[in-house]
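> Contents are compact mmCIF, C-alpha atoms and all ligand atoms; file name final.txt:
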# COMPACT_ATOMS: atom_id res chain seq x y z
CA MET A 1 52.74 -13.83 43.64
CA ALA A 2 51.60 -16.89 41.61
CA GLU A 3 55.01 -17.73 40.23
CA ILE A 4 58.38 -16.13 40.70
CA PRO A 5 59.18 -14.12 37.55
CA VAL A 6 62.32 -14.79 35.61
CA LEU A 7 65.04 -12.16 36.06
CA ILE A 8 66.99 -11.23 32.92
CA SER A 9 70.08 -9.07 33.47
CA ARG A 10 71.55 -6.27 31.42
CA ASP A 11 74.33 -8.48 30.01
CA GLU A 12 71.85 -11.19 29.10
CA VAL A 13 69.58 -8.69 27.31
CA LYS A 14 72.62 -7.38 25.44
CA GLY A 15 73.42 -10.84 24.13
CA LEU A 16 69.83 -11.88 23.42
CA LEU A 17 68.45 -8.82 21.59
CA LYS A 18 69.55 -8.61 17.95
CA TYR A 19 69.10 -5.53 15.77
CA SER A 20 67.98 -7.64 12.81
CA ASP A 21 65.07 -9.15 14.81
CA LEU A 22 64.18 -5.76 16.24
CA VAL A 23 63.87 -4.02 12.88
CA SER A 24 61.45 -6.54 11.38
CA HIS A 25 59.29 -6.82 14.52
CA LEU A 26 59.22 -3.07 15.19
CA GLU A 27 58.12 -2.35 11.63
CA VAL A 28 55.09 -4.59 12.12
CA ALA A 29 54.29 -3.02 15.51
CA LEU A 30 54.61 0.58 14.27
CA ALA A 31 52.41 -0.17 11.24
CA LYS A 32 49.74 -1.71 13.48
CA PHE A 33 49.90 1.13 16.01
CA SER A 34 49.19 3.71 13.31
CA LYS A 35 45.95 1.95 12.35
CA ARG A 36 44.52 2.85 15.81
CA ASN A 37 42.60 -0.38 16.10
CA ALA A 38 42.05 -1.20 19.78
CA GLU A 39 41.61 -4.86 18.81
CA GLU A 40 45.26 -4.84 17.76
CA VAL A 41 47.18 -2.36 19.95
CA ILE A 42 46.42 -0.61 23.23
CA GLN A 43 48.96 1.97 24.30
CA PRO A 44 47.96 4.99 26.38
CA LEU A 45 50.14 8.09 26.46
CA ARG A 46 52.90 7.41 28.97
CA THR A 47 52.77 8.86 32.45
CA ILE A 48 55.67 11.16 33.27
CA LEU A 49 56.31 11.94 36.91
CA PRO A 50 58.70 14.87 37.52
CA LEU A 51 61.47 14.41 40.11
CA GLU A 52 62.21 18.12 40.30
CA ARG A 53 64.55 17.91 43.25
CA TYR A 54 66.89 15.67 41.23
CA ASN A 55 66.37 17.21 37.79
CA GLY A 56 64.78 14.02 36.55
CA PHE A 57 61.62 12.20 35.50
CA LEU A 58 60.06 8.77 35.88
CA GLY A 59 58.16 7.48 32.85
CA VAL A 60 55.70 4.56 33.04
CA MET A 61 54.92 3.03 29.66
CA PRO A 62 52.33 0.21 29.48
CA ALA A 63 51.41 -1.45 26.19
CA TYR A 64 49.34 -4.41 24.99
CA MET A 65 49.73 -6.05 21.59
CA VAL A 66 46.45 -7.96 21.47
CA GLN A 67 46.99 -10.47 18.62
CA GLU A 68 50.55 -11.25 19.70
CA ASN A 69 49.41 -11.57 23.33
CA ILE A 70 52.21 -9.31 24.59
CA LEU A 71 51.53 -7.26 27.71
CA ALA A 72 54.38 -5.20 29.17
CA THR A 73 55.23 -2.03 30.96
CA LYS A 74 58.50 -0.18 31.16
CA MET A 75 59.60 2.11 33.96
CA VAL A 76 62.28 4.50 32.83
CA SER A 77 63.98 7.22 34.82
CA PHE A 78 65.89 9.96 33.05
CA TYR A 79 67.90 12.87 34.37
CA GLN A 80 69.71 15.93 33.13
CA ARG A 81 73.03 15.16 34.78
CA ASP A 82 75.99 17.47 35.19
CA GLU A 83 78.93 16.54 32.95
CA GLY A 84 81.10 14.07 34.86
CA SER A 85 78.25 12.75 37.02
CA ASP A 86 78.74 9.11 38.07
CA PHE A 87 75.05 8.27 37.62
CA PRO A 88 73.69 7.22 34.21
CA ALA A 89 71.22 9.51 32.42
CA HIS A 90 68.69 6.71 31.85
CA GLN A 91 67.80 3.54 33.71
CA ALA A 92 64.91 1.27 32.83
CA THR A 93 63.22 -1.99 33.76
CA VAL A 94 60.64 -3.86 31.69
CA LEU A 95 57.98 -6.12 33.22
CA LEU A 96 56.50 -8.74 30.90
CA LEU A 97 53.10 -10.05 32.02
CA ASP A 98 50.81 -12.92 31.14
CA PRO A 99 47.75 -11.05 29.78
CA GLN A 100 45.34 -13.86 30.72
CA ARG A 101 46.42 -14.45 34.30
CA GLY A 102 47.86 -11.04 35.02
CA ASN A 103 51.06 -12.29 36.63
CA VAL A 104 54.53 -10.96 35.85
CA THR A 105 56.45 -13.58 33.87
CA ALA A 106 59.75 -11.72 33.50
CA VAL A 107 61.54 -8.73 34.93
CA MET A 108 64.35 -7.58 32.68
CA ASP A 109 66.82 -4.79 32.21
CA GLY A 110 65.20 -2.08 30.11
CA THR A 111 68.21 0.16 29.63
CA VAL A 112 69.72 -1.91 26.82
CA ILE A 113 66.22 -2.40 25.37
CA THR A 114 65.77 1.40 25.32
CA GLU A 115 69.15 1.92 23.65
CA LYS A 116 68.63 -0.73 20.99
CA ARG A 117 64.95 -0.31 20.17
CA THR A 118 65.26 3.48 19.85
CA ALA A 119 68.16 3.08 17.43
CA ALA A 120 66.24 0.40 15.51
CA VAL A 121 63.25 2.73 15.07
CA SER A 122 65.61 5.48 13.86
CA ALA A 123 67.08 3.01 11.38
CA ILE A 124 63.58 2.24 10.09
CA SER A 125 62.91 5.95 9.56
CA THR A 126 66.29 6.23 7.81
CA LYS A 127 65.39 3.29 5.59
CA PHE A 128 62.19 4.99 4.39
CA LEU A 129 63.11 8.68 4.47
CA ARG A 130 66.82 9.09 3.67
CA PRO A 131 67.64 10.79 0.37
CA PRO A 132 68.77 8.60 -2.52
CA HIS A 133 72.55 7.97 -2.49
CA ALA A 134 72.96 8.98 1.16
CA GLU A 135 76.71 9.00 1.84
CA VAL A 136 77.33 11.16 4.91
CA LEU A 137 75.96 10.37 8.37
CA CYS A 138 76.23 12.93 11.15
CA ILE A 139 75.65 12.12 14.82
CA LEU A 140 75.23 14.95 17.35
CA GLY A 141 75.89 13.70 20.90
CA SER A 142 78.22 10.95 22.10
CA GLY A 143 76.31 9.09 24.84
CA SER A 144 74.55 5.71 24.98
CA GLN A 145 72.09 6.47 22.21
CA ALA A 146 74.87 7.78 19.96
CA LEU A 147 76.59 4.41 20.33
CA SER A 148 73.54 2.26 19.58
CA HIS A 149 72.66 4.50 16.62
CA TYR A 150 76.21 4.18 15.29
CA GLU A 151 76.02 0.38 15.64
CA ILE A 152 72.78 -0.15 13.78
CA LEU A 153 73.19 2.55 11.13
CA THR A 154 76.62 1.25 10.14
CA GLN A 155 75.23 -2.31 10.06
CA MET A 156 72.26 -1.43 7.87
CA PHE A 157 73.68 1.23 5.52
CA SER A 158 76.97 1.91 3.75
CA PHE A 159 77.82 5.51 4.61
CA LYS A 160 81.11 6.77 3.18
CA GLU A 161 81.70 9.18 6.05
CA ILE A 162 80.49 9.29 9.64
CA ARG A 163 80.83 12.58 11.47
CA LEU A 164 80.43 13.09 15.19
CA TRP A 165 80.02 16.24 17.24
CA SER A 166 79.82 16.36 21.02
CA ARG A 167 79.84 19.29 23.45
CA ARG A 168 83.15 18.09 24.83
CA LYS A 169 85.63 17.11 22.16
CA GLU A 170 87.36 14.56 24.40
CA LYS A 171 84.05 12.67 24.68
CA ALA A 172 83.77 12.58 20.90
CA LYS A 173 87.35 11.30 20.68
CA MET A 174 86.61 8.61 23.29
CA PHE A 175 83.57 7.57 21.25
CA SER A 176 85.60 7.31 18.06
CA SER A 177 88.22 5.15 19.77
CA LYS A 178 85.48 2.80 21.10
CA VAL A 179 83.80 2.01 17.77
CA LYS A 180 85.12 -0.21 15.00
CA GLY A 181 85.01 2.03 11.89
CA PRO A 182 86.44 5.49 11.17
CA VAL A 183 84.69 8.56 12.63
CA THR A 184 85.41 12.20 11.78
CA VAL A 185 85.29 14.21 15.00
CA CYS A 186 83.95 17.72 14.24
CA SER A 187 84.54 20.81 16.33
CA SER A 188 81.16 22.44 15.65
CA VAL A 189 77.61 21.36 14.88
CA LYS A 190 77.80 23.42 11.70
CA ASN A 191 80.89 21.55 10.46
CA ALA A 192 79.34 18.20 11.31
CA ALA A 193 75.92 18.89 9.80
CA GLU A 194 76.73 20.79 6.60
CA GLY A 195 76.43 18.48 3.60
CA ALA A 196 75.28 15.48 5.69
CA ASP A 197 72.54 13.29 4.22
CA VAL A 198 71.33 11.84 7.50
CA ILE A 199 71.62 13.67 10.84
CA ILE A 200 70.88 12.02 14.17
CA THR A 201 70.38 14.27 17.22
CA VAL A 202 70.92 12.28 20.43
CA THR A 203 71.61 14.99 22.98
CA MET A 204 70.20 16.06 26.34
CA ALA A 205 69.85 19.63 25.06
CA LYS A 206 66.99 21.88 26.16
CA GLU A 207 67.70 24.52 23.49
CA PRO A 208 68.10 23.89 19.73
CA VAL A 209 71.51 22.53 18.74
CA LEU A 210 70.79 22.03 15.04
CA GLN A 211 69.86 24.99 12.82
CA GLY A 212 67.96 24.65 9.56
CA GLN A 213 70.49 26.88 7.75
CA TRP A 214 73.16 24.15 8.17
CA VAL A 215 71.00 21.35 6.80
CA LYS A 216 71.40 20.24 3.19
CA PRO A 217 68.06 20.30 1.32
CA GLY A 218 66.72 16.75 1.11
CA ALA A 219 68.54 15.53 4.23
CA HIS A 220 66.81 13.24 6.73
CA ILE A 221 67.00 14.28 10.39
CA VAL A 222 66.19 11.87 13.20
CA ALA A 223 65.54 13.86 16.38
CA VAL A 224 65.79 11.48 19.34
CA GLY A 225 66.36 13.80 22.32
CA ALA A 226 64.16 16.69 23.61
CA CYS A 227 61.33 14.56 24.97
CA ARG A 228 59.74 17.29 27.10
CA PRO A 229 57.28 19.95 25.89
CA ASP A 230 59.73 22.75 26.71
CA TRP A 231 62.92 21.08 25.38
CA ARG A 232 64.34 21.56 21.90
CA GLU A 233 67.03 20.07 19.66
CA LEU A 234 65.96 21.58 16.31
CA ASP A 235 65.27 25.23 15.50
CA ASP A 236 62.03 26.69 14.16
CA ASP A 237 63.39 27.09 10.62
CA LEU A 238 64.16 23.39 10.34
CA MET A 239 60.88 22.27 11.94
CA ARG A 240 58.83 24.52 9.66
CA GLU A 241 60.76 23.74 6.44
CA ALA A 242 60.84 19.98 6.80
CA VAL A 243 58.18 17.36 6.27
CA VAL A 244 57.66 16.17 9.85
CA TYR A 245 57.10 12.52 10.75
CA VAL A 246 56.59 11.28 14.32
CA ASP A 247 56.24 7.94 16.10
CA SER A 248 52.92 8.95 17.73
CA ARG A 249 50.84 12.05 17.00
CA GLU A 250 49.40 12.09 20.53
CA ALA A 251 52.85 11.91 22.11
CA ALA A 252 54.29 14.54 19.77
CA SER A 253 51.53 17.02 20.55
CA SER A 254 51.91 16.58 24.29
CA GLU A 255 55.66 15.87 24.79
CA SER A 256 57.72 17.29 21.93
CA GLY A 257 59.00 20.85 22.38
CA ASP A 258 60.29 20.77 18.81
CA VAL A 259 56.78 20.15 17.49
CA ILE A 260 54.75 22.18 20.01
CA LEU A 261 56.91 25.31 20.25
CA SER A 262 57.70 25.57 16.52
CA GLY A 263 54.05 25.15 15.55
CA ALA A 264 55.18 22.63 12.91
CA VAL A 265 52.50 20.51 11.28
CA VAL A 266 52.95 16.76 11.68
CA PHE A 267 52.62 15.16 8.25
CA ALA A 268 52.50 11.49 9.24
CA GLU A 269 53.45 8.79 11.69
CA LEU A 270 56.28 6.47 10.71
CA GLY A 271 53.77 3.60 11.04
CA GLU A 272 51.59 5.23 8.36
CA VAL A 273 54.54 5.23 5.97
CA ILE A 274 55.23 1.56 6.75
CA ASN A 275 51.59 0.54 6.29
CA GLY A 276 51.38 2.53 3.05
CA SER A 277 48.71 5.05 4.09
CA LYS A 278 51.12 8.06 3.86
CA PRO A 279 54.02 8.65 1.44
CA ALA A 280 57.72 8.81 2.33
CA HIS A 281 58.86 12.18 0.99
CA SER A 282 62.50 11.16 0.67
CA GLU A 283 63.02 13.84 -2.01
CA ARG A 284 62.29 16.57 0.59
CA THR A 285 64.01 17.56 3.83
CA THR A 286 62.42 15.29 6.43
CA VAL A 287 62.43 15.19 10.23
CA PHE A 288 61.48 12.08 12.17
CA LYS A 289 60.66 13.18 15.73
CA SER A 290 61.13 10.13 17.94
CA LEU A 291 59.82 10.07 21.51
CA GLY A 292 59.74 6.35 22.25
CA MET A 293 56.70 4.11 22.75
CA GLY A 294 55.62 1.31 25.09
CA ILE A 295 54.91 -1.03 22.16
CA GLN A 296 58.58 -0.80 21.15
CA ASP A 297 59.60 -2.00 24.62
CA ALA A 298 56.89 -4.68 24.70
CA VAL A 299 57.98 -6.16 21.37
CA SER A 300 61.64 -6.03 22.43
CA ALA A 301 60.92 -7.68 25.79
CA LYS A 302 59.06 -10.53 24.08
CA LEU A 303 62.02 -11.06 21.73
CA VAL A 304 64.37 -11.18 24.72
CA PHE A 305 62.11 -13.58 26.65
CA ASP A 306 61.64 -15.96 23.69
CA GLN A 307 65.39 -16.06 23.08
CA TRP A 308 66.02 -16.62 26.79
CA LYS A 309 63.50 -19.51 26.86
CA SER A 310 65.02 -21.11 23.78
CA GLN A 311 68.35 -21.30 25.59
CA GLN A 312 67.00 -22.98 28.77
N1 LIG A 401 63.18 8.89 21.49
C1 LIG A 401 63.40 7.88 22.30
O1 LIG A 401 62.80 6.82 22.19
C2 LIG A 401 64.43 8.02 23.37
C3 LIG A 401 65.08 9.21 23.53
N2 LIG A 401 66.08 9.35 24.45
C4 LIG A 401 66.74 10.63 24.52
O2 LIG A 401 67.94 10.59 23.76
C5 LIG A 401 68.87 11.55 24.26
C6 LIG A 401 70.22 10.88 24.47
O3 LIG A 401 70.12 9.87 25.46
P1 LIG A 401 71.43 9.09 25.99
O4 LIG A 401 72.39 8.90 24.88
O5 LIG A 401 70.94 7.92 26.74
O6 LIG A 401 72.02 10.15 27.02
P2 LIG A 401 73.55 10.33 27.48
O7 LIG A 401 73.51 11.10 28.72
O8 LIG A 401 74.25 9.02 27.42
O9 LIG A 401 74.15 11.26 26.31
C7 LIG A 401 73.68 12.57 26.16
C8 LIG A 401 74.55 13.35 25.21
O10 LIG A 401 74.03 14.67 25.11
C9 LIG A 401 75.06 15.62 25.36
N3 LIG A 401 74.47 16.82 25.93
C10 LIG A 401 74.00 17.01 27.18
N4 LIG A 401 73.50 18.25 27.31
C11 LIG A 401 73.68 18.86 26.11
C12 LIG A 401 73.40 20.16 25.62
N5 LIG A 401 72.81 21.07 26.39
N6 LIG A 401 73.72 20.44 24.34
C13 LIG A 401 74.29 19.50 23.55
N7 LIG A 401 74.61 18.27 23.96
C14 LIG A 401 74.29 17.95 25.24
C15 LIG A 401 76.05 14.91 26.27
O11 LIG A 401 77.31 15.51 26.21
C16 LIG A 401 76.00 13.49 25.67
O12 LIG A 401 76.86 13.43 24.55
C17 LIG A 401 68.24 12.09 25.55
O13 LIG A 401 67.60 13.31 25.28
C18 LIG A 401 67.21 11.04 25.88
O14 LIG A 401 66.18 11.50 26.71
C19 LIG A 401 66.49 8.29 25.22
C20 LIG A 401 65.84 7.09 25.12
C21 LIG A 401 64.75 6.87 24.21
O1 LIG A 402 61.03 5.99 25.27
C1 LIG A 402 61.80 6.11 26.23
O2 LIG A 402 62.16 5.18 26.95
C2 LIG A 402 62.30 7.46 26.54
N1 LIG A 402 62.06 8.49 25.78
C3 LIG A 402 62.66 9.66 26.28
C4 LIG A 402 63.34 9.27 27.51
C5 LIG A 402 63.12 7.80 27.65
Mind turning this structure into C-alpha cells?


Amino acid sequence: MAEIPVLISRDEVKGLLKYSDLVSHLEVALAKFSKRNAEEVIQPLRTILPLERYNGFLGVMPAYMVQENILATKMVSFYQRDEGSDFPAHQATVLLLDPQRGNVTAVMDGTVITEKRTAAVSAISTKFLRPPHAEVLCILGSGSQALSHYEILTQMFSFKEIRLWSRRKEKAKMFSSKVKGPVTVCSSVKNAAEGADVIITVTMAKEPVLQGQWVKPGAHIVAVGACRPDWRELDDDLMREAVVYVDSREAASSESGDVILSGAVVFAELGEVINGSKPAHSERTTVFKSLGMGIQDAVSAKLVFDQWKSQQ
C-alpha cells in the first residue's frame, strides 16, 4: 500500500457531514447523473450479493465523478433482523480513492453517510414534488432512516404536524421521546397516512404497508425501503395512480419490487427534474422511489474528507 489511508470514525463522520452541504452537492450530482454523460459520471448498477443463511445482503457500490475527481466505493450490508435483535440492520464503509494513482486515501464509516445522504435525497424530492402548502408529514417506520428523515425534513420545512407509525407502538413512543419537536404517534398506517401531504416509508417491509386508498390526492410519497425486486412498501393502486419518479431508471427496473411488480411506468428521474428536462408534477399524487446510489456516497465521502482535512 503506497500510503496508509486515513481512518474516519462514525462519530467523526457524524460531526463532519452537514445536511446543508449534502443537499446542495447531491442536487448537482443527481442532475449530472441523469444526463448519462460518461465524461461526467460513471456509476454501474450496484452488485448485490445475497447472504441467504443470515437473511441479508452485501451491496458494493462504486462511483466516479469525473470532473470533481471523486472516486469511491461503498460496501453496505443489510439484513432483515428479528425485532429485538442486537445487530444493526445496516452497516457500511466507504473507501475514497485517488483516481490518478489508484490508492485508497480514506476509509470511513458509511453507516452515518447512508443515513444522512438518503434523507437528504428524500428532502430534495420533497422540495420539488410536495404539494403547495404541505402541512402534515407522516413517517412510517421508526428506525435509523426514520430519525435522519425526521431531522432533515424538520430542518428544511415547516410542517404543522408530524405523525409517526411503527409496527410496535413502544418503538414509536421511544422515537418521539428522542427527537426535539412534537410527534403524533398513530396506532395504524391508515390513521397516520390519511390527510398527510408528505409520506415517508422507511420500513423493512416485504409486503405493501401503504395503500393508495389512504393517500390524499396530491400527496408526495417518498418510498425509501423495499430495495429488492420482490419486496414492496406501496400497493399497486398507489403505484399505478401516482406519477412515479426514481433516483435511477436502471436501478428501479432491476431492484424495486414496487416498480417491477406493479407494472408502474417511471415518469422521470429526480435528476431530470433538477436539471429541468422533466417537470415536477407537484399538483398530482407523486411517488419518489429511492434505492440509493454510489454517487450519493461518493459526494458525501468527499465532503467528509475535505472537512476532516480542514481541521488537521
Ligand atoms: N433508498 C436508500 O437509499 C436506502 C434505503 N434503505 C432502506 O430503508 C429502510 C429502513 O432502513 P433503517 O431505518 O436503516 O432500518 P431499521 O432496521 O433501523 O428500521 C426499520 C423499520 O422498519 C420496521 N419494520 C421492519 N419490518 C417491517 C414490516 N414487515 N412492516 C412494517 N415495518 C417493518 C421496523 O420496525 C423499523 O421501524 C430499509 O428498507 C432499508 O433497506 C436504507 C438505506 C438507504
Ligand atoms: O443505498 C444504500 O446504501 C442502500 N439501499 C438499500 C439498502 C442500502

> Given the choices A:Arg249, A:Arg284, A:Lys74, A:Lys169, which gets closest to Arg36 (chain A) if the distance is worked out from only C-alpha atoms?

A:Arg249

> Neighbours of Val112 (chain A) within 7 Å (all atoms listed in the file; same-chain residues fewer than 5 positions away dropped), as a PDB file with C-alpha atoms, in the coordinates of the input?


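Output saved as part_21.pdb:
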ATOM      1  CA  ARG A  10      71.550  -6.270  31.420  1.00  0.00           C
ATOM      2  CA  VAL A  13      69.580  -8.690  27.310  1.00  0.00           C
ATOM      3  CA  LYS A  14      72.620  -7.380  25.440  1.00  0.00           C
TER       4      LYS A  14
END

> Determine the nearest neighbour of ligand LIG 401 (chain A) from the options A:Pro88, A:Pro5, A:Gly276, A:Pro50, counting all atoms listed in the file.

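Comparing A:Pro88, A:Pro5, A:Gly276, A:Pro50 against ligand LIG 401 (chain A), the winner is A:Pro88.
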
> How close does chain A get to ligand LIG 402 (chain A)? List, as a tab-separated table, each residue of chain A within 8 Å, its nearest atom pair and the distance in Å to one decimal, counting all atoms listed in the file.


residue	atom	partner	partner_atom	distance
A:Gly59	CA	A:LIG402	C5	7.2
A:Lys74	CA	A:LIG402	O2	7.7
A:Val76	CA	A:LIG402	O2	5.9
A:Ser77	CA	A:LIG402	C5	7.2
A:Phe78	CA	A:LIG402	C4	6.1
A:His90	CA	A:LIG402	C5	7.1
A:Ala92	CA	A:LIG402	O2	7.6
A:Thr114	CA	A:LIG402	O2	5.5
A:Thr118	CA	A:LIG402	O1	7.3
A:Val224	CA	A:LIG402	C3	7.8
A:Gly225	CA	A:LIG402	C3	6.8
A:Ala226	CA	A:LIG402	C3	7.7
A:Cys227	CA	A:LIG402	C3	5.2
A:Leu291	CA	A:LIG402	N1	5.1
A:Gly292	CA	A:LIG402	O1	3.3
A:Met293	CA	A:LIG402	O1	5.4
A:Gly294	CA	A:LIG402	O1	7.2
A:Asp297	CA	A:LIG402	O2	8.0

> Would you put the residues from that selection into a file with C-alpha atoms, as a PDB file, in the frame of the given file?


ATOM      1  CA  GLY A  59      58.160   7.480  32.850  1.00  0.00           C
ATOM      2  CA  LYS A  74      58.500  -0.180  31.160  1.00  0.00           C
ATOM      3  CA  VAL A  76      62.280   4.500  32.830  1.00  0.00           C
ATOM      4  CA  SER A  77      63.980   7.220  34.820  1.00  0.00           C
ATOM      5  CA  PHE A  78      65.890   9.960  33.050  1.00  0.00           C
ATOM      6  CA  HIS A  90      68.690   6.710  31.850  1.00  0.00           C
ATOM      7  CA  ALA A  92      64.910   1.270  32.830  1.00  0.00           C
ATOM      8  CA  THR A 114      65.770   1.400  25.320  1.00  0.00           C
ATOM      9  CA  THR A 118      65.260   3.480  19.850  1.00  0.00           C
ATOM     10  CA  VAL A 224      65.790  11.480  19.340  1.00  0.00           C
ATOM     11  CA  GLY A 225      66.360  13.800  22.320  1.00  0.00           C
ATOM     12  CA  ALA A 226      64.160  16.690  23.610  1.00  0.00           C
ATOM     13  CA  CYS A 227      61.330  14.560  24.970  1.00  0.00           C
ATOM     14  CA  LEU A 291      59.820  10.070  21.510  1.00  0.00           C
ATOM     15  CA  GLY A 292      59.740   6.350  22.250  1.00  0.00           C
ATOM     16  CA  MET A 293      56.700   4.110  22.750  1.00  0.00           C
ATOM     17  CA  GLY A 294      55.620   1.310  25.090  1.00  0.00           C
ATOM     18  CA  ASP A 297      59.600  -2.000  24.620  1.00  0.00           C
TER      19      ASP A 297
END

> Find the residues around Gln145 (chain A) up to 12 Å (all atoms listed in the file counted), leave out those fewer than 2 positions away in its own chain, and share them as a ChimeraX atom specification.

/A:89-90,111-122,139-143,147-153,175,200-204,223-225

> Determine the nearest neighbour of Glu12 (chain A) from the options A:Lys178, A:Gln311, A:Ile124, A:Gln91, counting all atoms listed in the file.

A:Gln311

> From the set A:Ala252, A:Ile162, A:Ala31, A:Leu7, which residue has the shortest atom-to-atom contact distance to Ile274 (chain A), counting only C-alpha atoms?

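The closest residue to Ile274 (chain A) is A:Ala31.
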
> For Ala219 (chain A), find every residue with an atom within 8 Å (counting only C-alpha atoms), except residues of its own chain fewer than 6 positions away, and show them as a VMD selection string.

chain A and resid 130 to 131 196 to 199 284 to 286

> Let me make sure I understand: among A:Met108, A:Lys206, A:Tyr64, A:Ile48, which one has the smallest atom-to-atom distance to Val304 (chain A) if we use only C-alpha atoms?

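Result for the nearest residue to Val304 (chain A): A:Met108.
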
> Pick the closest to ligand LIG 401 (chain A) from A:Val136, A:Leu164, A:Ile70, A:Val244: which is it, counting all atoms listed in the file?

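Of all the options, A:Leu164 lies closest to ligand LIG 401 (chain A).
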
> Near Ile42 (chain A), counting only C-alpha atoms, which residues have an atom at most 9 Å away, once you skip same-chain residues fewer than 2 positions from it, shown as a list in words?

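Here the answer would be Phe33, Arg36, Asn37, Ala38, Glu39, Glu40, Pro44, Pro62, Ala63, Tyr64, Met65, Val66 and Ile295 of chain A.
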
> Neighbouring residues of Gly56 (chain A) were defined as those with any atom within 7 Å, considering only C-alpha atoms; residues of the same chain fewer than 2 positions away were excluded. Please report them as a ChimeraX atom specification.

/A:50-52,54,78-80

> How about saving the chosen residues, C-alpha atoms kept, as a compact mmCIF listing (two decimals), keeping the file's coordinate frame?


# COMPACT_ATOMS: atom_id res chain seq x y z
CA PRO A 50 58.70 14.87 37.52
CA LEU A 51 61.47 14.41 40.11
CA GLU A 52 62.21 18.12 40.30
CA TYR A 54 66.89 15.67 41.23
CA PHE A 78 65.89 9.96 33.05
CA TYR A 79 67.90 12.87 34.37
CA GLN A 80 69.71 15.93 33.13

> Report, in Å to a single decimal, how far apart CA of Ala251 (chain A) and CA of Leu45 (chain A) are.

6.4 Å

> Quote the spacing between atom C18 of ligand LIG 401 (chain A) and CA of Ala146 (chain A) in Å to one decimal place.

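Here the two named atoms are 10.2 Å from each other.
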
> Could you tell me how far CA of Pro229 (chain A) sits from CA of Ser300 (chain A), in Å to one decimal place?

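Between these atoms lies a distance of 26.6 Å.
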
> Which protein, DNA or RNA residues are at most 12 Å from (73.0, -4.7, 6.3) in the file's coordinates when you count all atoms listed in the file, listed as a ChimeraX atom specification?

/A:19-20,23,123,127,151-159
